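**Student:** This one is my_file_32.cif, mmCIF, C-alpha atoms.
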```
data_upload
#
loop_
_atom_site.label_atom_id
_atom_site.label_comp_id
_atom_site.auth_asym_id
_atom_site.auth_seq_id
_atom_site.Cartn_x
_atom_site.Cartn_y
_atom_site.Cartn_z
CA MET A 37 35.83 7.31 -9.11
CA THR A 38 33.47 4.54 -10.16
CA PRO A 39 30.84 5.20 -12.88
CA SER A 40 28.00 4.87 -10.37
CA ARG A 41 29.55 7.47 -8.06
CA MET A 42 30.19 9.76 -11.02
CA ILE A 43 26.54 9.50 -12.05
CA ARG A 44 25.37 10.24 -8.49
CA ARG A 45 27.72 13.20 -8.32
CA PHE A 46 26.42 14.55 -11.63
CA ILE A 47 22.76 14.19 -10.59
CA THR A 48 23.38 15.87 -7.21
CA GLU A 49 25.28 18.79 -8.72
CA TYR A 50 22.76 19.19 -11.53
CA LEU A 51 19.80 19.34 -9.16
CA TRP A 52 21.43 21.83 -6.80
CA ILE A 53 22.53 24.17 -9.60
CA LEU A 54 19.10 23.94 -11.24
CA LYS A 55 17.43 24.69 -7.91
CA GLY A 56 19.59 27.80 -7.54
CA GLN A 57 18.76 28.94 -11.07
CA MET A 58 15.02 28.49 -10.52
CA TYR A 59 15.15 30.10 -7.07
CA ALA A 60 16.54 33.26 -8.67
CA LEU A 61 13.37 33.44 -10.80
CA ARG A 62 10.91 33.16 -7.92
CA SER A 63 9.82 36.82 -8.13
CA GLN A 64 9.89 37.16 -11.93
CA TRP A 65 8.43 33.90 -13.24
CA PHE A 66 5.06 35.47 -14.11
CA TRP A 67 6.59 38.08 -16.41
CA TYR A 68 8.79 35.45 -18.00
CA VAL A 69 5.68 33.45 -18.88
CA VAL A 70 3.95 36.55 -20.26
CA PHE A 71 6.97 37.56 -22.30
CA LEU A 72 7.64 34.09 -23.69
CA SER A 73 3.98 33.59 -24.59
CA PHE A 74 3.37 36.98 -26.17
CA SER A 75 5.43 36.66 -29.36
CA PRO A 76 4.26 33.13 -30.37
CA LEU A 77 0.61 33.99 -29.64
CA THR A 78 1.00 37.15 -31.72
CA TYR A 79 2.15 35.00 -34.63
CA VAL A 80 -0.85 32.70 -34.12
CA PHE A 81 -3.24 35.65 -34.14
CA PHE A 82 -1.62 37.31 -37.15
CA LEU A 83 -1.49 34.16 -39.29
CA TRP A 84 -5.00 33.16 -38.27
CA ILE A 85 -6.58 36.55 -38.98
CA TYR A 86 -4.57 37.74 -41.98
CA GLY A 87 -3.13 34.55 -43.45
CA GLY A 88 -6.26 32.45 -43.27
CA ALA A 89 -6.57 29.15 -41.45
CA GLN A 90 -9.43 27.47 -43.23
CA ASP A 91 -7.93 24.00 -43.54
CA ALA A 92 -6.65 21.70 -40.81
CA THR A 93 -3.12 21.50 -42.23
CA THR A 94 -2.64 25.27 -42.07
CA ARG A 95 -3.93 25.39 -38.50
CA LEU A 96 -1.58 22.56 -37.56
CA TYR A 97 1.41 24.47 -38.96
CA ILE A 98 0.36 27.66 -37.18
CA VAL A 99 0.04 26.05 -33.75
CA THR A 100 3.09 23.78 -33.85
CA GLY A 101 5.11 26.59 -35.41
CA ALA A 102 4.16 28.85 -32.51
CA VAL A 103 5.24 26.16 -30.04
CA ALA A 104 8.60 25.84 -31.80
CA ASN A 105 8.91 29.63 -31.84
CA GLY A 106 8.26 29.72 -28.09
CA ALA A 107 11.05 27.20 -27.55
CA VAL A 108 13.40 29.39 -29.58
CA SER A 109 12.55 32.43 -27.44
CA SER A 110 12.98 30.72 -24.08
CA ALA A 111 15.40 27.86 -24.56
CA MET A 112 17.70 29.53 -27.08
CA LEU A 113 17.42 33.30 -26.78
CA SER A 114 17.06 33.67 -23.02
CA LEU A 115 19.71 31.04 -22.24
CA GLY A 116 22.29 32.67 -24.49
CA GLN A 117 21.65 36.05 -22.89
CA SER A 118 21.81 34.55 -19.38
CA ILE A 119 25.23 33.05 -20.09
CA GLY A 120 26.38 36.40 -21.46
CA ARG A 121 25.30 38.13 -18.24
CA LEU A 122 27.07 35.51 -16.12
CA ARG A 123 30.25 36.15 -18.07
CA ASP A 124 30.00 39.95 -17.73
CA GLN A 125 29.41 39.63 -13.98
CA ASN A 126 32.35 37.20 -13.62
CA ALA A 127 29.88 34.74 -12.12
CA LEU A 128 31.56 31.95 -14.07
CA GLU A 129 34.55 32.38 -11.77
CA TYR A 130 32.29 31.59 -8.83
CA TYR A 131 31.15 28.35 -10.45
CA ALA A 132 34.77 27.58 -11.38
CA SER A 133 35.68 27.76 -7.69
CA LEU A 134 33.19 25.02 -6.88
CA PRO A 135 34.09 21.32 -7.16
CA ILE A 136 31.44 20.71 -9.82
CA LEU A 137 31.43 19.08 -13.23
CA LYS A 138 31.16 21.47 -16.14
CA VAL A 139 28.51 19.27 -17.75
CA SER A 140 26.34 19.58 -14.62
CA PHE A 141 26.52 23.37 -14.84
CA ILE A 142 25.70 23.55 -18.55
CA LEU A 143 22.82 21.08 -18.40
CA ALA A 144 21.34 22.91 -15.41
CA LEU A 145 21.41 26.18 -17.34
CA ALA A 146 19.85 24.47 -20.36
CA SER A 147 17.15 22.91 -18.18
CA ARG A 148 16.29 26.34 -16.81
CA GLY A 149 15.53 27.53 -20.33
CA VAL A 150 13.52 24.42 -21.14
CA ILE A 151 11.45 24.70 -17.93
CA LEU A 152 10.73 28.37 -18.66
CA SER A 153 9.39 27.39 -22.08
CA LEU A 154 6.87 24.83 -20.78
CA PRO A 155 4.10 27.20 -19.55
CA SER A 156 4.06 29.25 -22.77
CA SER A 157 4.02 26.11 -24.91
CA ALA A 158 1.13 24.68 -22.91
CA ILE A 159 -0.79 27.95 -23.35
CA ILE A 160 -0.21 27.87 -27.11
CA LEU A 161 -1.39 24.26 -27.37
CA VAL A 162 -4.54 25.02 -25.37
CA VAL A 163 -5.29 28.05 -27.54
CA GLY A 164 -4.68 25.98 -30.66
CA THR A 165 -6.80 23.07 -29.53
CA LEU A 166 -9.73 25.15 -28.31
CA GLY A 167 -9.49 28.27 -30.46
CA LEU A 168 -8.46 26.82 -33.81
CA GLY A 169 -10.29 23.54 -33.50
CA LEU A 170 -7.33 21.19 -33.56
CA PRO A 171 -8.13 17.61 -32.51
CA THR A 172 -7.19 16.33 -29.09
CA ILE A 173 -3.55 15.27 -29.12
CA PRO A 174 -3.57 11.48 -29.67
CA GLN A 175 0.10 10.90 -28.72
CA PRO A 176 0.82 13.12 -25.70
CA ALA A 177 3.85 11.11 -24.57
CA LEU A 178 5.52 11.38 -27.97
CA LEU A 179 4.66 15.08 -28.09
CA VAL A 180 6.37 15.65 -24.73
CA LEU A 181 9.39 13.62 -25.90
CA ALA A 182 9.65 15.63 -29.12
CA TYR A 183 9.27 18.93 -27.32
CA LEU A 184 11.84 18.25 -24.61
CA ILE A 185 14.52 16.99 -27.02
CA GLY A 186 13.73 19.86 -29.38
CA ALA A 187 13.93 22.45 -26.61
CA TYR A 188 17.27 21.04 -25.44
CA SER A 189 18.61 21.24 -29.01
CA LEU A 190 17.69 24.93 -29.14
CA ALA A 191 19.08 25.44 -25.63
CA GLY A 192 22.31 23.90 -26.87
CA LEU A 193 22.40 26.44 -29.70
CA GLY A 194 21.80 29.23 -27.20
CA SER A 195 24.58 28.03 -24.91
CA VAL A 196 26.99 27.84 -27.85
CA ILE A 197 26.17 31.46 -28.72
CA GLY A 198 26.54 32.46 -25.08
CA PHE A 199 29.90 30.78 -24.53
CA TYR A 200 31.46 31.68 -27.88
CA THR A 201 30.41 35.35 -27.88
CA ARG A 202 32.55 37.75 -25.91
CA ASP A 203 29.99 39.79 -23.91
CA SER A 204 26.29 39.99 -23.09
CA GLU A 205 25.64 42.91 -25.43
CA THR A 206 26.97 40.96 -28.40
CA VAL A 207 25.12 37.84 -27.27
CA GLY A 208 21.88 39.82 -27.22
CA LEU A 209 22.46 41.05 -30.77
CA VAL A 210 23.42 37.62 -32.09
CA THR A 211 20.47 35.81 -30.51
CA GLN A 212 18.04 38.49 -31.72
CA ILE A 213 19.35 37.93 -35.26
CA VAL A 214 19.54 34.13 -35.14
CA GLY A 215 16.08 33.67 -33.55
CA PRO A 216 13.96 35.05 -36.41
CA LEU A 217 16.24 33.47 -39.03
CA ILE A 218 15.84 29.91 -37.76
CA VAL A 219 12.06 30.37 -37.41
CA LEU A 220 11.05 32.35 -40.50
CA PHE A 221 13.60 30.81 -42.89
CA ALA A 222 12.60 27.25 -41.99
CA PRO A 223 9.41 25.23 -42.59
CA VAL A 224 8.06 26.13 -39.16
CA TYR A 225 4.88 28.05 -39.99
CA VAL A 226 4.62 26.95 -43.64
CA PRO A 227 5.41 23.72 -45.54
CA LEU A 228 8.90 23.33 -47.00
CA LYS A 229 7.64 23.51 -50.59
CA GLN A 230 6.29 27.04 -50.01
CA LEU A 231 9.76 28.40 -49.20
CA PRO A 232 11.94 29.82 -52.00
CA GLY A 233 14.36 27.32 -53.54
CA PRO A 234 17.52 28.54 -51.72
CA LEU A 235 15.70 28.46 -48.37
CA GLN A 236 14.50 24.92 -49.02
CA ALA A 237 18.17 23.91 -49.23
CA THR A 238 19.39 25.85 -46.20
CA ALA A 239 16.41 24.70 -44.11
CA GLN A 240 17.87 21.21 -44.09
CA PHE A 241 20.60 22.49 -41.75
CA LEU A 242 18.37 24.31 -39.24
CA PRO A 243 17.26 22.59 -36.02
CA THR A 244 13.84 24.25 -36.10
CA THR A 245 13.03 22.36 -39.30
CA TYR A 246 13.15 19.07 -37.42
CA VAL A 247 11.73 20.36 -34.14
CA ALA A 248 8.62 21.63 -35.93
CA SER A 249 8.36 18.39 -37.93
CA CYS A 250 8.38 16.28 -34.75
CA LEU A 251 5.75 18.48 -33.14
CA ARG A 252 3.45 18.34 -36.19
CA HIS A 253 3.60 14.56 -36.38
CA ALA A 254 3.01 14.16 -32.64
CA VAL A 255 0.06 16.57 -32.57
CA SER A 256 -1.56 15.06 -35.66
CA GLY A 257 -0.89 11.49 -34.50
CA SER A 258 0.93 10.54 -37.72
CA ILE A 259 3.81 8.77 -36.03
CA GLY A 260 6.02 7.09 -38.58
CA PRO A 261 9.55 7.02 -40.01
CA GLU A 262 9.59 10.79 -40.63
CA TYR A 263 8.85 11.50 -36.96
CA TRP A 264 11.67 9.26 -35.75
CA TYR A 265 14.07 10.60 -38.40
CA SER A 266 13.37 14.20 -37.33
CA LEU A 267 13.68 13.23 -33.67
CA THR A 268 17.08 11.64 -34.36
CA ILE A 269 18.33 14.79 -36.09
CA VAL A 270 17.11 16.91 -33.16
CA LEU A 271 18.90 14.59 -30.73
CA VAL A 272 22.12 15.01 -32.72
CA TRP A 273 21.69 18.78 -32.49
CA SER A 274 21.22 18.48 -28.72
CA LEU A 275 24.36 16.39 -28.23
CA GLY A 276 26.36 18.58 -30.61
CA GLY A 277 25.33 21.72 -28.74
CA LEU A 278 26.31 20.14 -25.43
CA ALA A 279 29.71 19.08 -26.78
CA LEU A 280 30.47 22.53 -28.23
CA SER A 281 29.33 24.18 -25.00
CA LEU A 282 31.68 22.01 -22.96
CA LEU A 283 34.57 23.00 -25.21
CA GLY A 284 33.73 26.69 -25.24
CA ALA A 285 32.63 27.19 -21.64
CA GLY A 286 35.38 29.46 -20.33
CA TRP A 287 35.33 29.97 -16.58
CA ARG A 288 37.29 33.23 -16.51
CA GLY A 289 34.92 35.96 -17.59
CA SER A 290 35.26 37.83 -20.85
CA GLN A 291 37.79 36.45 -23.25
CA GLU A 292 39.91 38.98 -25.10
#
```
So that I can check it, write out the structure of this file as structure tokens.

**Tutor:**
Amino acid sequence: MTPSRMIRRFITEYLWILKGQMYALRSQWFWYVVFLSFSPLTYVFFLWIYGGAQDATTRLYIVTGAVANGAVSSAMLSLGQSIGRLRDQNALEYYASLPILKVSFILALASRGVILSLPSSAIILVVGTLGLGLPTIPQPALLVLAYLIGAYSLAGLGSVIGFYTRDSETVGLVTQIVGPLIVLFAPVYVPLKQLPGPLQATAQFLPTTYVASCLRHAVSGSIGPEYWYSLTIVLVWSLGGLALSLLGAGWRGSQE
């Protein structure tokens, strides 16, 4: 098969699988948006009311941290749990019976999580811009680029958890543990220097550190080497998650 035909095949399979995934959400999308928006907006409210948000830098961290938190909830947590359910229901055997590329299937699942995260992230940005007085975003294209790559990196982490964990119950426990850790133990809501020394070291290995950094620079308009460095690290996380998912995506239900 020629490269051009392989690319066309991948695009066709990807779009059809993604359409099926989104069609299954047609009656529940509203509650997904409410659920995925509730936790990040709660953090915004709590940090604003009780933590103080008098200066622009603090408000910037609060809003972009909430956006990153929303991506964790939708792209990472929900995707991992969805893969766990597919495994428990032996639905992976159905996909295995189809003449599709494994990469098409995994990217379609990841895109589902990313798409689900977009409404909640938009809500958080609107609340932050209007409610907390953040300036109008000067680099919207770079913000969208940072968000999409960042969301796919977190979706990759979720798919790794989903494919390498043996059942949906365990996946749910693991994602519920990992989610808060990669948000609260990273410079997402607060600057790196405010974290304890050990956490400053471990934060260098968390994807949310670089996702939040990209978002802050894009929202503030301070596009420079640090933005592109963080974006590169996030891209590496995305590709690494995809590669590990391809290796660990078993098609035969629960693995003993």

**Student:** Do you know which residues the PyMOL selection byres ((chain A and resi 58-61) around 10) returns on this file, as a PyMOL selection string?

**Tutor:** chain A and resi 52-57+62-68+144-145+147-149+151-152

**Student:** Convert the current residue selection to file output with C-alpha atoms, as a short mmCIF file (atom, residue, chain, number, x, y, z; two decimals), in the coordinates of the input.

**Tutor:**
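Saved file out.cif follows:
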```
data_model
loop_
_atom_site.label_atom_id
_atom_site.label_comp_id
_atom_site.auth_asym_id
_atom_site.auth_seq_id
_atom_site.Cartn_x
_atom_site.Cartn_y
_atom_site.Cartn_z
CA TRP A 52 21.43 21.83 -6.80
CA ILE A 53 22.53 24.17 -9.60
CA LEU A 54 19.10 23.94 -11.24
CA LYS A 55 17.43 24.69 -7.91
CA GLY A 56 19.59 27.80 -7.54
CA GLN A 57 18.76 28.94 -11.07
CA ARG A 62 10.91 33.16 -7.92
CA SER A 63 9.82 36.82 -8.13
CA GLN A 64 9.89 37.16 -11.93
CA TRP A 65 8.43 33.90 -13.24
CA PHE A 66 5.06 35.47 -14.11
CA TRP A 67 6.59 38.08 -16.41
CA TYR A 68 8.79 35.45 -18.00
CA ALA A 144 21.34 22.91 -15.41
CA LEU A 145 21.41 26.18 -17.34
CA SER A 147 17.15 22.91 -18.18
CA ARG A 148 16.29 26.34 -16.81
CA GLY A 149 15.53 27.53 -20.33
CA ILE A 151 11.45 24.70 -17.93
CA LEU A 152 10.73 28.37 -18.66
#
```

**Student:** Determine the nearest neighbour of Arg202 (chain A) from the options A:Asp124, A:Met112, A:Ser157, A:Leu83, counting all atoms listed in the file.

**Tutor:**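 Among A:Asp124, A:Met112, A:Ser157, A:Leu83, it is A:Asp124 that comes nearest to Arg202 (chain A).
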
**Student:** With the PyMOL selection byres ((chain A and resi 267) around 9) as the selection, what would be picked from this file? Answer as a PyMOL selection string, please.

**Tutor:** chain A and resi 181-182+185-186+246-247+249-250+262-266+268-272

**Student:** Just the residues within 9 Å of region 217-221 of chain A, please, counting only C-alpha atoms, with nothing from its chain fewer than 5 positions along; format it as a PDB file with C-alpha atoms, keeping the file's coordinate frame.

**Tutor:**
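Writing the result to selection_8.pdb gives the following:
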```
ATOM      1  CA  GLY A 101       5.110  26.590 -35.410  1.00  0.00           C
ATOM      2  CA  ALA A 104       8.600  25.840 -31.800  1.00  0.00           C
ATOM      3  CA  ASN A 105       8.910  29.630 -31.840  1.00  0.00           C
ATOM      4  CA  VAL A 108      13.400  29.390 -29.580  1.00  0.00           C
ATOM      5  CA  VAL A 226       4.620  26.950 -43.640  1.00  0.00           C
ATOM      6  CA  LEU A 231       9.760  28.400 -49.200  1.00  0.00           C
ATOM      7  CA  LEU A 235      15.700  28.460 -48.370  1.00  0.00           C
ATOM      8  CA  GLN A 236      14.500  24.920 -49.020  1.00  0.00           C
ATOM      9  CA  THR A 238      19.390  25.850 -46.200  1.00  0.00           C
ATOM     10  CA  ALA A 239      16.410  24.700 -44.110  1.00  0.00           C
ATOM     11  CA  LEU A 242      18.370  24.310 -39.240  1.00  0.00           C
ATOM     12  CA  PRO A 243      17.260  22.590 -36.020  1.00  0.00           C
ATOM     13  CA  THR A 244      13.840  24.250 -36.100  1.00  0.00           C
ATOM     14  CA  THR A 245      13.030  22.360 -39.300  1.00  0.00           C
TER      15      THR A 245
END
```

**Student:** With only C-alpha atoms as the counted atoms, please give the residues lying no more than 10 Å from region 280-284 of chain A, apart from itself and same-chain residues fewer than 4 positions off, as a list in words.

**Tutor:**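 Non-adjacent residues within range: Lys138, Val139, Phe141, Ile142, Leu143, Gly192, Leu193, Gly194, Ser195, Val196, Ile197, Gly198, Phe199, Tyr200, Thr201, Leu275 and Gly276 of chain A.
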
**Student:** Quick one: region 128-151 of chain A with N, CA and C atoms, as an mmCIF file, in the frame of the given file?

**Tutor:**
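As written to disk, selection06.cif reads:
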```
data_model
loop_
_atom_site.group_PDB
_atom_site.id
_atom_site.type_symbol
_atom_site.label_atom_id
_atom_site.label_comp_id
_atom_site.auth_asym_id
_atom_site.auth_seq_id
_atom_site.Cartn_x
_atom_site.Cartn_y
_atom_site.Cartn_z
ATOM 1 N N LEU A 128 30.971 33.238 -13.701
ATOM 2 C CA LEU A 128 31.560 31.950 -14.070
ATOM 3 C C LEU A 128 32.752 31.612 -13.184
ATOM 4 N N GLU A 129 33.433 32.641 -12.683
ATOM 5 C CA GLU A 129 34.550 32.380 -11.770
ATOM 6 C C GLU A 129 34.050 31.760 -10.466
ATOM 7 N N TYR A 130 32.861 32.181 -10.044
ATOM 8 C CA TYR A 130 32.290 31.590 -8.830
ATOM 9 C C TYR A 130 32.036 30.101 -9.042
ATOM 10 N N TYR A 131 31.413 29.763 -10.170
ATOM 11 C CA TYR A 131 31.150 28.350 -10.450
ATOM 12 C C TYR A 131 32.450 27.573 -10.644
ATOM 13 N N ALA A 132 33.480 28.246 -11.194
ATOM 14 C CA ALA A 132 34.770 27.580 -11.380
ATOM 15 C C ALA A 132 35.420 27.243 -10.045
ATOM 16 N N SER A 133 35.086 28.018 -9.007
ATOM 17 C CA SER A 133 35.680 27.760 -7.690
ATOM 18 C C SER A 133 35.021 26.592 -6.971
ATOM 19 N N LEU A 134 33.892 26.134 -7.497
ATOM 20 C CA LEU A 134 33.190 25.020 -6.880
ATOM 21 C C LEU A 134 33.659 23.693 -7.467
ATOM 22 N N PRO A 135 33.670 22.642 -6.653
ATOM 23 C CA PRO A 135 34.090 21.320 -7.160
ATOM 24 C C PRO A 135 32.953 20.640 -7.928
ATOM 25 N N ILE A 136 32.566 21.241 -9.048
ATOM 26 C CA ILE A 136 31.440 20.710 -9.820
ATOM 27 C C ILE A 136 31.908 20.346 -11.229
ATOM 28 N N LEU A 137 31.170 19.449 -11.850
ATOM 29 C CA LEU A 137 31.430 19.080 -13.230
ATOM 30 C C LEU A 137 30.876 20.164 -14.156
ATOM 31 N N LYS A 138 31.619 20.458 -15.196
ATOM 32 C CA LYS A 138 31.160 21.470 -16.140
ATOM 33 C C LYS A 138 29.868 21.046 -16.822
ATOM 34 N N VAL A 139 29.719 19.759 -17.092
ATOM 35 C CA VAL A 139 28.510 19.270 -17.750
ATOM 36 C C VAL A 139 27.282 19.459 -16.854
ATOM 37 N N SER A 140 27.450 19.350 -15.546
ATOM 38 C CA SER A 140 26.340 19.580 -14.620
ATOM 39 C C SER A 140 25.875 21.024 -14.708
ATOM 40 N N PHE A 141 26.830 21.945 -14.761
ATOM 41 C CA PHE A 141 26.520 23.370 -14.840
ATOM 42 C C PHE A 141 25.792 23.711 -16.127
ATOM 43 N N ILE A 142 26.290 23.215 -17.256
ATOM 44 C CA ILE A 142 25.700 23.550 -18.550
ATOM 45 C C ILE A 142 24.308 22.951 -18.693
ATOM 46 N N LEU A 143 24.138 21.709 -18.280
ATOM 47 C CA LEU A 143 22.820 21.080 -18.400
ATOM 48 C C LEU A 143 21.804 21.745 -17.464
ATOM 49 N N ALA A 144 22.251 22.196 -16.313
ATOM 50 C CA ALA A 144 21.340 22.910 -15.410
ATOM 51 C C ALA A 144 20.876 24.219 -16.032
ATOM 52 N N LEU A 145 21.798 24.953 -16.654
ATOM 53 C CA LEU A 145 21.410 26.180 -17.340
ATOM 54 C C LEU A 145 20.448 25.891 -18.484
ATOM 55 N N ALA A 146 20.735 24.830 -19.256
ATOM 56 C CA ALA A 146 19.850 24.470 -20.360
ATOM 57 C C ALA A 146 18.470 24.072 -19.848
ATOM 58 N N SER A 147 18.433 23.332 -18.744
ATOM 59 C CA SER A 147 17.150 22.910 -18.180
ATOM 60 C C SER A 147 16.335 24.096 -17.700
ATOM 61 N N ARG A 148 17.002 25.113 -17.211
ATOM 62 C CA ARG A 148 16.290 26.340 -16.810
ATOM 63 C C ARG A 148 15.530 26.924 -17.991
ATOM 64 N N GLY A 149 16.197 27.002 -19.145
ATOM 65 C CA GLY A 149 15.530 27.530 -20.330
ATOM 66 C C GLY A 149 14.379 26.656 -20.783
ATOM 67 N N VAL A 150 14.575 25.346 -20.719
ATOM 68 C CA VAL A 150 13.520 24.420 -21.140
ATOM 69 C C VAL A 150 12.310 24.536 -20.210
ATOM 70 N N ILE A 151 12.552 24.590 -18.904
ATOM 71 C CA ILE A 151 11.450 24.700 -17.930
ATOM 72 C C ILE A 151 10.678 26.000 -18.142
#
```
